[in-house]
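Source file input-v7.pdb; content: PDB, C-alpha atoms.
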ATOM      1  CA  MET A 295    -273.670  26.042 -83.553  1.00  0.00           C
ATOM      2  CA  LYS A 296    -275.834  26.118 -80.435  1.00  0.00           C
ATOM      3  CA  MET A 297    -275.344  23.339 -77.915  1.00  0.00           C
ATOM      4  CA  SER A 298    -279.046  22.402 -78.038  1.00  0.00           C
ATOM      5  CA  SER A 299    -278.743  21.791 -81.776  1.00  0.00           C
ATOM      6  CA  THR A 300    -275.683  19.615 -81.247  1.00  0.00           C
ATOM      7  CA  ILE A 301    -277.471  17.419 -78.704  1.00  0.00           C
ATOM      8  CA  ALA A 302    -280.594  17.229 -80.841  1.00  0.00           C
ATOM      9  CA  CYS A 303    -278.668  15.854 -83.803  1.00  0.00           C
ATOM     10  CA  PHE A 304    -278.042  12.573 -81.987  1.00  0.00           C
ATOM     11  CA  THR A 305    -281.168  12.238 -79.873  1.00  0.00           C
ATOM     12  CA  ALA A 306    -283.755  12.987 -82.513  1.00  0.00           C
ATOM     13  CA  LEU A 307    -283.066   9.778 -84.451  1.00  0.00           C
ATOM     14  CA  CYS A 308    -285.370   7.843 -82.157  1.00  0.00           C
ATOM     15  CA  THR A 309    -288.495   9.601 -83.385  1.00  0.00           C
ATOM     16  CA  PHE A 310    -287.929   9.034 -87.104  1.00  0.00           C
ATOM     17  CA  LEU A 311    -286.412   5.593 -87.618  1.00  0.00           C
ATOM     18  CA  LEU A 312    -289.561   3.450 -87.559  1.00  0.00           C
ATOM     19  CA  LEU A 313    -290.172  -0.129 -88.718  1.00  0.00           C
ATOM     20  CA  ALA A 314    -293.311  -2.155 -89.271  1.00  0.00           C
ATOM     21  CA  VAL A 315    -293.821  -5.821 -90.044  1.00  0.00           C
ATOM     22  CA  GLY A 316    -296.524  -6.760 -92.550  1.00  0.00           C
ATOM     23  CA  CYS A 317    -297.004 -10.066 -94.323  1.00  0.00           C
ATOM     24  CA  ARG A 318    -293.553 -11.306 -93.423  1.00  0.00           C
ATOM     25  CA  SER A 319    -291.396 -10.836 -90.363  1.00  0.00           C
ATOM     26  CA  ILE A 320    -288.226  -8.743 -90.514  1.00  0.00           C
ATOM     27  CA  PRO A 321    -285.417 -10.219 -88.395  1.00  0.00           C
ATOM     28  CA  ASP A 322    -283.493  -8.375 -85.692  1.00  0.00           C
ATOM     29  CA  TYR A 323    -279.996  -7.446 -86.892  1.00  0.00           C
ATOM     30  CA  SER A 324    -279.134  -5.307 -83.880  1.00  0.00           C
ATOM     31  CA  HIS A 325    -275.856  -7.188 -83.365  1.00  0.00           C
ATOM     32  CA  GLY A 326    -274.735  -6.839 -86.964  1.00  0.00           C
ATOM     33  CA  ALA A 327    -275.739  -5.573 -90.393  1.00  0.00           C
ATOM     34  CA  GLY A 328    -278.737  -7.132 -92.124  1.00  0.00           C
ATOM     35  CA  PRO A 329    -280.100  -7.191 -95.695  1.00  0.00           C
ATOM     36  CA  TYR A 330    -282.626  -4.374 -95.208  1.00  0.00           C
ATOM     37  CA  GLN A 331    -281.214  -0.881 -95.641  1.00  0.00           C
ATOM     38  CA  ILE A 332    -282.533   2.676 -95.634  1.00  0.00           C
ATOM     39  CA  VAL A 333    -281.050   4.274 -98.755  1.00  0.00           C
ATOM     40  CA  LYS A 334    -282.912   7.585 -99.086  1.00  0.00           C
ATOM     41  CA  LEU A 335    -284.985   9.961 -96.964  1.00  0.00           C
ATOM     42  CA  LYS A 336    -286.915  12.801 -98.604  1.00  0.00           C
ATOM     43  CA  GLY A 337    -289.319  15.288 -97.104  1.00  0.00           C
ATOM     44  CA  ASN A 338    -290.317  18.834 -96.301  1.00  0.00           C
ATOM     45  CA  ILE A 339    -288.341  20.859 -93.765  1.00  0.00           C
ATOM     46  CA  HIS A 340    -290.167  24.088 -92.928  1.00  0.00           C
ATOM     47  CA  GLY A 341    -291.817  23.915 -96.340  1.00  0.00           C
ATOM     48  CA  LYS A 342    -288.584  23.197 -98.249  1.00  0.00           C
ATOM     49  CA  LEU A 343    -287.891  19.842 -99.893  1.00  0.00           C
ATOM     50  CA  ASP A 344    -284.667  18.176 -98.723  1.00  0.00           C
ATOM     51  CA  SER A 345    -283.214  14.688 -98.706  1.00  0.00           C
ATOM     52  CA  PHE A 346    -280.532  12.352 -97.368  1.00  0.00           C
ATOM     53  CA  THR A 347    -278.782   9.620 -99.322  1.00  0.00           C
ATOM     54  CA  VAL A 348    -277.413   6.839 -97.106  1.00  0.00           C
ATOM     55  CA  ALA A 349    -274.302   4.891 -98.207  1.00  0.00           C
ATOM     56  CA  TYR A 350    -272.985   1.621 -96.756  1.00  0.00           C
ATOM     57  CA  ASN A 351    -269.693  -0.251 -96.890  1.00  0.00           C
ATOM     58  CA  SER A 352    -269.293  -3.804 -98.210  1.00  0.00           C
ATOM     59  CA  LYS A 353    -270.186  -5.227 -94.784  1.00  0.00           C
ATOM     60  CA  GLY A 354    -273.472  -3.312 -94.649  1.00  0.00           C
ATOM     61  CA  PHE A 355    -272.408  -0.665 -92.130  1.00  0.00           C
ATOM     62  CA  PRO A 356    -273.533   2.934 -92.780  1.00  0.00           C
ATOM     63  CA  VAL A 357    -270.621   5.162 -93.798  1.00  0.00           C
ATOM     64  CA  SER A 358    -272.297   8.432 -94.821  1.00  0.00           C
ATOM     65  CA  LEU A 359    -275.463  10.509 -94.881  1.00  0.00           C
ATOM     66  CA  THR A 360    -275.336  13.047 -97.709  1.00  0.00           C
ATOM     67  CA  LYS A 361    -277.855  15.894 -97.792  1.00  0.00           C
ATOM     68  CA  SER A 362    -279.152  17.620-100.888  1.00  0.00           C
ATOM     69  CA  GLY A 363    -279.078  20.943 -99.031  1.00  0.00           C
ATOM     70  CA  VAL A 364    -276.078  21.345 -96.685  1.00  0.00           C
ATOM     71  CA  ASP A 365    -276.269  24.427 -94.482  1.00  0.00           C
ATOM     72  CA  THR A 366    -275.042  25.791 -91.126  1.00  0.00           C
ATOM     73  CA  SER A 367    -276.032  23.381 -88.333  1.00  0.00           C
ATOM     74  CA  SER A 368    -277.197  20.947 -91.018  1.00  0.00           C
ATOM     75  CA  PRO A 369    -274.080  19.129 -92.335  1.00  0.00           C
ATOM     76  CA  ASN A 370    -273.485  15.781 -93.974  1.00  0.00           C
ATOM     77  CA  TYR A 371    -272.454  12.903 -91.677  1.00  0.00           C
ATOM     78  CA  LEU A 372    -269.596  10.431 -91.931  1.00  0.00           C
ATOM     79  CA  PHE A 373    -269.128   7.247 -89.898  1.00  0.00           C
ATOM     80  CA  ARG A 374    -265.773   5.546 -89.333  1.00  0.00           C
ATOM     81  CA  TYR A 375    -265.040   2.062 -87.968  1.00  0.00           C
ATOM     82  CA  ASP A 376    -262.069   0.108 -86.686  1.00  0.00           C
ATOM     83  CA  LYS A 377    -260.943  -3.371 -87.789  1.00  0.00           C
ATOM     84  CA  GLN A 378    -263.486  -4.908 -85.402  1.00  0.00           C
ATOM     85  CA  ASP A 379    -266.338  -3.001 -87.132  1.00  0.00           C
ATOM     86  CA  ARG A 380    -266.834  -0.815 -84.067  1.00  0.00           C
ATOM     87  CA  LEU A 381    -267.983   2.755 -84.647  1.00  0.00           C
ATOM     88  CA  THR A 382    -265.056   5.017 -83.746  1.00  0.00           C
ATOM     89  CA  ASP A 383    -266.035   8.424 -85.191  1.00  0.00           C
ATOM     90  CA  CYS A 384    -269.209  10.234 -86.180  1.00  0.00           C
ATOM     91  CA  ILE A 385    -268.480  13.499 -87.996  1.00  0.00           C
ATOM     92  CA  GLY A 386    -270.791  16.324 -89.041  1.00  0.00           C
ATOM     93  CA  VAL A 387    -268.980  17.650 -92.094  1.00  0.00           C
ATOM     94  CA  TYR A 388    -269.469  20.267 -94.798  1.00  0.00           C
ATOM     95  CA  THR A 389    -268.723  19.780 -98.499  1.00  0.00           C
ATOM     96  CA  ALA A 390    -265.313  21.504 -98.256  1.00  0.00           C
ATOM     97  CA  GLY A 391    -264.154  19.050 -95.575  1.00  0.00           C
ATOM     98  CA  GLY A 392    -264.583  21.253 -92.523  1.00  0.00           C
ATOM     99  CA  ALA A 393    -266.265  19.567 -89.537  1.00  0.00           C
ATOM    100  CA  GLU A 394    -268.940  21.185 -87.426  1.00  0.00           C
ATOM    101  CA  MET A 395    -268.695  18.552 -84.709  1.00  0.00           C
ATOM    102  CA  TRP A 396    -266.755  15.336 -84.213  1.00  0.00           C
ATOM    103  CA  TYR A 397    -267.674  12.435 -81.905  1.00  0.00           C
ATOM    104  CA  ARG A 398    -265.167   9.801 -80.785  1.00  0.00           C
ATOM    105  CA  TYR A 399    -266.192   6.622 -78.953  1.00  0.00           C
ATOM    106  CA  GLY A 400    -264.739   4.255 -76.361  1.00  0.00           C
ATOM    107  CA  TYR A 401    -265.790   0.653 -75.664  1.00  0.00           C
ATOM    108  CA  ASP A 402    -265.991  -1.933 -72.903  1.00  0.00           C
ATOM    109  CA  ASP A 403    -264.996  -5.593 -73.290  1.00  0.00           C
ATOM    110  CA  LYS A 404    -268.482  -6.435 -74.617  1.00  0.00           C
ATOM    111  CA  LYS A 405    -268.001  -4.033 -77.561  1.00  0.00           C
ATOM    112  CA  ARG A 406    -270.556  -1.577 -76.167  1.00  0.00           C
ATOM    113  CA  ILE A 407    -269.937   2.158 -76.361  1.00  0.00           C
ATOM    114  CA  VAL A 408    -269.466   3.334 -72.783  1.00  0.00           C
ATOM    115  CA  LYS A 409    -268.076   6.816 -73.396  1.00  0.00           C
ATOM    116  CA  ASP A 410    -267.810   9.454 -76.058  1.00  0.00           C
ATOM    117  CA  THR A 411    -266.207  12.840 -76.505  1.00  0.00           C
ATOM    118  CA  MET A 412    -267.646  15.574 -78.734  1.00  0.00           C
ATOM    119  CA  TYR A 413    -265.319  18.189 -80.215  1.00  0.00           C
ATOM    120  CA  MET A 414    -266.445  21.325 -81.973  1.00  0.00           C
ATOM    121  CA  PHE A 415    -265.075  21.892 -85.472  1.00  0.00           C
ATOM    122  CA  GLY A 416    -262.083  20.241 -87.114  1.00  0.00           C
ATOM    123  CA  LYS A 417    -261.021  19.117 -90.599  1.00  0.00           C
ATOM    124  CA  LEU A 418    -261.092  15.733 -92.299  1.00  0.00           C
ATOM    125  CA  THR A 419    -257.453  16.169 -93.259  1.00  0.00           C
ATOM    126  CA  THR A 420    -256.207  16.893 -89.728  1.00  0.00           C
ATOM    127  CA  GLY A 421    -258.810  15.484 -87.313  1.00  0.00           C
ATOM    128  CA  PRO A 422    -261.132  16.970 -84.690  1.00  0.00           C
ATOM    129  CA  GLY A 423    -260.596  20.419 -83.231  1.00  0.00           C
ATOM    130  CA  THR A 424    -259.301  21.021 -79.721  1.00  0.00           C
ATOM    131  CA  ASP A 425    -262.497  22.749 -78.564  1.00  0.00           C
ATOM    132  CA  LEU A 426    -264.065  20.078 -76.310  1.00  0.00           C
ATOM    133  CA  ALA A 427    -267.836  20.533 -75.949  1.00  0.00           C
ATOM    134  CA  PHE A 428    -269.010  17.607 -73.815  1.00  0.00           C
ATOM    135  CA  THR A 429    -268.373  14.029 -72.779  1.00  0.00           C
ATOM    136  CA  SER A 430    -270.872  11.209 -72.221  1.00  0.00           C
ATOM    137  CA  GLU A 431    -270.904   7.991 -70.217  1.00  0.00           C
ATOM    138  CA  TYR A 432    -273.287   5.130 -71.033  1.00  0.00           C
ATOM    139  CA  GLU A 433    -274.735   2.211 -69.075  1.00  0.00           C
ATOM    140  CA  TYR A 434    -276.631  -0.879 -70.285  1.00  0.00           C
ATOM    141  CA  ASP A 435    -278.810  -3.649 -68.861  1.00  0.00           C
ATOM    142  CA  VAL A 436    -278.251  -7.408 -69.171  1.00  0.00           C
ATOM    143  CA  GLN A 437    -279.908  -7.316 -72.620  1.00  0.00           C
ATOM    144  CA  ASP A 438    -277.379  -4.682 -73.773  1.00  0.00           C
ATOM    145  CA  ARG A 439    -280.055  -1.972 -73.959  1.00  0.00           C
ATOM    146  CA  MET A 440    -278.983   1.535 -73.050  1.00  0.00           C
ATOM    147  CA  THR A 441    -280.303   2.523 -69.619  1.00  0.00           C
ATOM    148  CA  ARG A 442    -278.354   5.699 -68.858  1.00  0.00           C
ATOM    149  CA  ARG A 443    -276.503   8.545 -70.553  1.00  0.00           C
ATOM    150  CA  LYS A 444    -274.655  10.979 -68.317  1.00  0.00           C
ATOM    151  CA  ILE A 445    -273.535  14.084 -70.230  1.00  0.00           C
ATOM    152  CA  THR A 446    -271.010  16.556 -68.834  1.00  0.00           C
ATOM    153  CA  PHE A 447    -270.888  19.884 -70.659  1.00  0.00           C
ATOM    154  CA  VAL A 448    -267.277  20.978 -70.458  1.00  0.00           C
ATOM    155  CA  LYS A 449    -267.879  24.326 -72.178  1.00  0.00           C
ATOM    156  CA  ASP A 450    -270.719  25.183 -69.796  1.00  0.00           C
ATOM    157  CA  GLY A 451    -268.778  24.808 -66.567  1.00  0.00           C
ATOM    158  CA  GLY A 452    -269.375  21.099 -66.021  1.00  0.00           C
ATOM    159  CA  VAL A 453    -273.191  21.147 -66.114  1.00  0.00           C
ATOM    160  CA  VAL A 454    -274.483  17.572 -66.097  1.00  0.00           C
ATOM    161  CA  TRP A 455    -277.523  16.040 -67.772  1.00  0.00           C
ATOM    162  CA  ASP A 456    -278.403  12.612 -66.410  1.00  0.00           C
ATOM    163  CA  LEU A 457    -280.750  10.742 -68.756  1.00  0.00           C
ATOM    164  CA  LYS A 458    -282.145   7.416 -67.562  1.00  0.00           C
ATOM    165  CA  TYR A 459    -284.194   4.931 -69.545  1.00  0.00           C
ATOM    166  CA  LEU A 460    -286.524   2.196 -68.396  1.00  0.00           C
ATOM    167  CA  TYR A 461    -288.158  -0.438 -70.588  1.00  0.00           C
ATOM    168  CA  ASP A 462    -291.749  -1.588 -70.189  1.00  0.00           C
ATOM    169  CA  GLU A 463    -293.056  -5.151 -70.392  1.00  0.00           C
ATOM    170  CA  GLN A 464    -293.165  -4.941 -74.200  1.00  0.00           C
ATOM    171  CA  GLY A 465    -289.488  -3.979 -74.324  1.00  0.00           C
ATOM    172  CA  ASN A 466    -290.100  -0.327 -75.194  1.00  0.00           C
ATOM    173  CA  ARG A 467    -288.105   2.586 -73.815  1.00  0.00           C
ATOM    174  CA  GLN A 468    -289.715   4.994 -71.381  1.00  0.00           C
ATOM    175  CA  LEU A 469    -287.615   8.096 -70.677  1.00  0.00           C
ATOM    176  CA  ILE A 470    -287.286   9.221 -67.067  1.00  0.00           C
ATOM    177  CA  GLY A 471    -285.211  11.878 -65.345  1.00  0.00           C
ATOM    178  CA  GLN A 472    -284.926  15.640 -65.371  1.00  0.00           C
ATOM    179  CA  PHE A 473    -286.446  16.092 -68.845  1.00  0.00           C
ATOM    180  CA  ASP A 474    -289.618  14.097 -68.366  1.00  0.00           C
ATOM    181  CA  LYS A 475    -292.730  14.587 -66.279  1.00  0.00           C
ATOM    182  CA  PRO A 476    -293.524  11.938 -63.649  1.00  0.00           C
ATOM    183  CA  GLY A 477    -295.797   9.271 -65.070  1.00  0.00           C
ATOM    184  CA  HIS A 478    -295.295  10.312 -68.695  1.00  0.00           C
ATOM    185  CA  GLN A 479    -295.705   7.322 -71.012  1.00  0.00           C
ATOM    186  CA  ILE A 480    -294.648   7.014 -74.638  1.00  0.00           C
ATOM    187  CA  THR A 481    -297.177   5.196 -76.838  1.00  0.00           C
ATOM    188  CA  TYR A 482    -295.910   2.447 -79.162  1.00  0.00           C
ATOM    189  CA  ASP A 483    -297.397   0.272 -81.869  1.00  0.00           C
ATOM    190  CA  ASP A 484    -296.996  -3.511 -82.122  1.00  0.00           C
ATOM    191  CA  LYS A 485    -294.543  -3.534 -85.075  1.00  0.00           C
ATOM    192  CA  VAL A 486    -290.807  -4.237 -85.096  1.00  0.00           C
ATOM    193  CA  ASN A 487    -288.630  -1.160 -84.571  1.00  0.00           C
ATOM    194  CA  MET A 488    -286.561  -0.194 -87.622  1.00  0.00           C
ATOM    195  CA  LEU A 489    -283.678   0.803 -85.355  1.00  0.00           C
ATOM    196  CA  ARG A 490    -283.108  -2.894 -84.685  1.00  0.00           C
ATOM    197  CA  LEU A 491    -281.873  -3.360 -88.244  1.00  0.00           C
ATOM    198  CA  HIS A 492    -278.474  -1.963 -87.279  1.00  0.00           C
ATOM    199  CA  PRO A 493    -276.717  -1.243 -83.945  1.00  0.00           C
ATOM    200  CA  VAL A 494    -275.465   2.140 -85.205  1.00  0.00           C
ATOM    201  CA  TRP A 495    -279.059   3.376 -85.567  1.00  0.00           C
ATOM    202  CA  GLN A 496    -279.938   2.081 -82.098  1.00  0.00           C
ATOM    203  CA  PHE A 497    -276.990   3.770 -80.448  1.00  0.00           C
ATOM    204  CA  LEU A 498    -277.344   7.139 -82.181  1.00  0.00           C
ATOM    205  CA  ALA A 499    -281.040   7.179 -81.332  1.00  0.00           C
ATOM    206  CA  GLN A 500    -280.364   5.990 -77.770  1.00  0.00           C
ATOM    207  CA  ASP A 501    -283.355   3.744 -78.362  1.00  0.00           C
ATOM    208  CA  TYR A 502    -283.348  -0.051 -78.141  1.00  0.00           C
ATOM    209  CA  SER A 503    -287.133  -0.395 -78.118  1.00  0.00           C
ATOM    210  CA  SER A 504    -288.891  -3.402 -79.633  1.00  0.00           C
ATOM    211  CA  ASN A 505    -291.625  -1.334 -81.292  1.00  0.00           C
ATOM    212  CA  ASN A 506    -292.212   2.098 -82.875  1.00  0.00           C
ATOM    213  CA  VAL A 507    -293.463   5.348 -81.426  1.00  0.00           C
ATOM    214  CA  VAL A 508    -296.986   5.769 -82.800  1.00  0.00           C
ATOM    215  CA  GLN A 509    -297.135   7.851 -86.017  1.00  0.00           C
ATOM    216  CA  ASN A 510    -299.339   8.161 -89.103  1.00  0.00           C
ATOM    217  CA  MET A 511    -297.679   5.839 -91.648  1.00  0.00           C
ATOM    218  CA  THR A 512    -298.221   4.001 -94.897  1.00  0.00           C
ATOM    219  CA  TYR A 513    -296.304   0.787 -95.549  1.00  0.00           C
ATOM    220  CA  ASN A 514    -294.899  -1.343 -98.333  1.00  0.00           C
ATOM    221  CA  GLU A 515    -295.787  -5.041 -98.650  1.00  0.00           C
ATOM    222  CA  GLN A 516    -292.933  -5.966 -96.305  1.00  0.00           C
ATOM    223  CA  GLY A 517    -294.425  -3.746 -93.610  1.00  0.00           C
ATOM    224  CA  LEU A 518    -291.804  -1.002 -93.813  1.00  0.00           C
ATOM    225  CA  PRO A 519    -293.080   2.603 -93.650  1.00  0.00           C
ATOM    226  CA  LEU A 520    -292.956   4.380 -97.001  1.00  0.00           C
ATOM    227  CA  HIS A 521    -294.524   7.659 -95.902  1.00  0.00           C
ATOM    228  CA  ILE A 522    -294.775   9.263 -92.455  1.00  0.00           C
ATOM    229  CA  SER A 523    -296.951  12.271 -91.686  1.00  0.00           C
ATOM    230  CA  ASN A 524    -296.522  14.229 -88.487  1.00  0.00           C
ATOM    231  CA  THR A 525    -299.525  14.510 -86.223  1.00  0.00           C
ATOM    232  CA  ALA A 526    -299.967  16.580 -83.081  1.00  0.00           C
ATOM    233  CA  THR A 527    -301.774  13.687 -81.399  1.00  0.00           C
ATOM    234  CA  SER A 528    -298.823  11.317 -81.750  1.00  0.00           C
ATOM    235  CA  GLY A 529    -296.540  13.359 -79.504  1.00  0.00           C
ATOM    236  CA  ALA A 530    -293.551  12.638 -81.773  1.00  0.00           C
ATOM    237  CA  ALA A 531    -291.750  14.600 -84.474  1.00  0.00           C
ATOM    238  CA  ILE A 532    -290.445  13.113 -87.698  1.00  0.00           C
ATOM    239  CA  SER A 533    -286.745  13.663 -87.086  1.00  0.00           C
ATOM    240  CA  PHE A 534    -283.463  12.348 -88.371  1.00  0.00           C
ATOM    241  CA  LEU A 535    -280.349  13.697 -86.627  1.00  0.00           C
ATOM    242  CA  ASP A 536    -281.005  17.447 -86.280  1.00  0.00           C
ATOM    243  CA  ILE A 537    -283.502  17.678 -89.151  1.00  0.00           C
ATOM    244  CA  ASN A 538    -287.223  17.829 -88.362  1.00  0.00           C
ATOM    245  CA  PHE A 539    -289.395  16.771 -91.285  1.00  0.00           C
ATOM    246  CA  GLU A 540    -293.021  17.828 -91.634  1.00  0.00           C
ATOM    247  CA  GLU A 541    -293.554  14.695 -93.717  1.00  0.00           C
ATOM    248  CA  LEU A 542    -291.163  12.074 -94.944  1.00  0.00           C
ATOM    249  CA  ASP A 543    -290.802   9.507 -97.751  1.00  0.00           C
ATOM    250  CA  ILE A 544    -288.398   6.596 -97.257  1.00  0.00           C
ATOM    251  CA  THR A 545    -286.696   4.379 -99.841  1.00  0.00           C
ATOM    252  CA  TYR A 546    -285.247   0.968 -98.937  1.00  0.00           C
ATOM    253  CA  ASN A 547    -282.890  -1.538-100.461  1.00  0.00           C
ATOM    254  CA  TYR A 548    -282.972  -5.274 -99.895  1.00  0.00           C
ATOM    255  CA  GLN A 549    -279.611  -6.954-100.527  1.00  0.00           C
TER     256      GLN A 549
END
Conversion result in structure tokens:
Amino acid sequence: MKMSSTIACFTALCTFLLLAVGCRSIPDYSHGAGPYQIVKLKGNIHGKLDSFTVAYNSKGFPVSLTKSGVDTSSPNYLFRYDKQDRLTDCIGVYTAGGAEMWYRYGYDDKKRIVKDTMYMFGKLTTGPGTDLAFTSEYEYDVQDRMTRRKITFVKDGGVVWDLKYLYDEQGNRQLIGQFDKPGHQITYDDKVNMLRLHPVWQFLAQDYSSNNVVQNMTYNEQGLPLHISNTATSGAAISFLDINFEELDITYNYQ
């Protein structure tokens, strides 16, 4: 698996997971699980129909993403938690139990993830492999929004990516640093960001924005997007982990 694909699988979340508010407001559950859940994602990937089924535990925390078409660099995902409901492992796994990559997380005293380690390969029966790919360090502001991710690529001789995030007056993330042009602004709508329904989605997307990146969407009566179509003018792809959808249908469950 190429390193760029590995990074993309946990940064691309921010461009897909979108939320809107229609006739009634949807609360912010970013500090714990809420009643609204994404249960299925279905769309075209390079002209081929594919889907994810999302499963949750009894406390409402996501435990797996199961694809209809597992392939190289496109595995299923498993999430593990400790007794404090903190995410400890995120595993890209194939149907036979072999892992393509394995993330492990460390926390500060405010239960925020401040470091992770990504291993290449491994097995569910024995744990992650010994092939260390990269490590990350995270920083947050007083509102517990991620403001920095410093990635050190161990396999590439210690090359460092330093990603910094600022938030505008509306509480939306604006990416700055070596991968963005000076003055570049991301355009948002005025709806509530779907990522705020669960802290796992926020962290994996590295996006704690209040609103959604502008896309072409249709909504249900609760204001949640049912269908998203990609548009060149939006400047955003429809992505979930490392999968880029040309269009996407979303199914929800309300507990």
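You will find CA of Lys361 (chain A) at 7.2 Å from CA of Asp344 (chain A).
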For this file, the PyMOL selection byres ((chain A and resi 349) around 9) selects which residues, as a ChimeraX atom specification? /A:332-333,347-348,350-351,354-360
Decode the PyMOL selection byres ((chain A and resi 503) around 7) for the given file into explicit residues and return them as a ChimeraX atom specification. /A:465-467,487,501-502,504-505
Would you mind telling me which residue in A:Asp456, A:Lys342, A:Phe539, A:Asn370 lies nearest to Leu469 (chain A) when using all atoms listed in the file?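 Comparing A:Asp456, A:Lys342, A:Phe539, A:Asn370 against Leu469 (chain A), the winner is A:Asp456.
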Starting from the PyMOL selection byres ((chain A and resi 419-421) around 12), expand the selection into actual residues of this file and give them as a ChimeraX atom specification. /A:383-385,387,390-398,413-418,422-425
Show me the residues close to (-271.5, 1.5, -73.2) - anything with an atom within 12 Å, counting only C-alpha atoms - and format the list as a PyMOL selection string. chain A and resi 399-410+430-436+438-444+497+500
Please determine, counting only C-alpha atoms, which residue among A:Leu460, A:Leu518, A:Val453, A:Leu542 has the shortest atom-to-atom distance to Tyr330 (chain A). A:Leu518
Distance of CA of Ser345 (chain A) from CA of Ser523 (chain A), expressed in Å to one decimal place: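 Between CA of Ser523 (chain A) and CA of Ser345 (chain A) the gap works out to 15.6 Å.
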So how far away is CA of Thr389 (chain A) from CA of Gln549 (chain A), in Å? 28.9 Å
What are the centre and edge lengths in Å, to one decimal, of the axis-aligned box around all listed atoms of region 408-414 of chain A with 8 Å added on each side, as AutoDock Vina command-line options?
--center_x -267.4 --center_y 12.3 --center_z -77.4 --size_x 20.1 --size_y 34.0 --size_z 25.2
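Ranking A:Asn538, A:Gln468, A:Met511, A:Lys449 by their shortest atom-to-atom distance to Lys485 (chain A), with all atoms listed in the file included, puts A:Met511 first.
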Need the shell around Pro369 (chain A): protein/DNA/RNA residues with any atom at most 7 Å away, counting only C-alpha atoms. Skip same-chain ones fewer than 4 positions apart. Format as number ranges by chain? A: 364-365, 386-388
Out of A:Met412, A:Ile544, A:Val448, A:Ile339, which residue has the shortest atom-to-atom distance to His521 (chain A) when counting only C-alpha atoms? A:Ile544
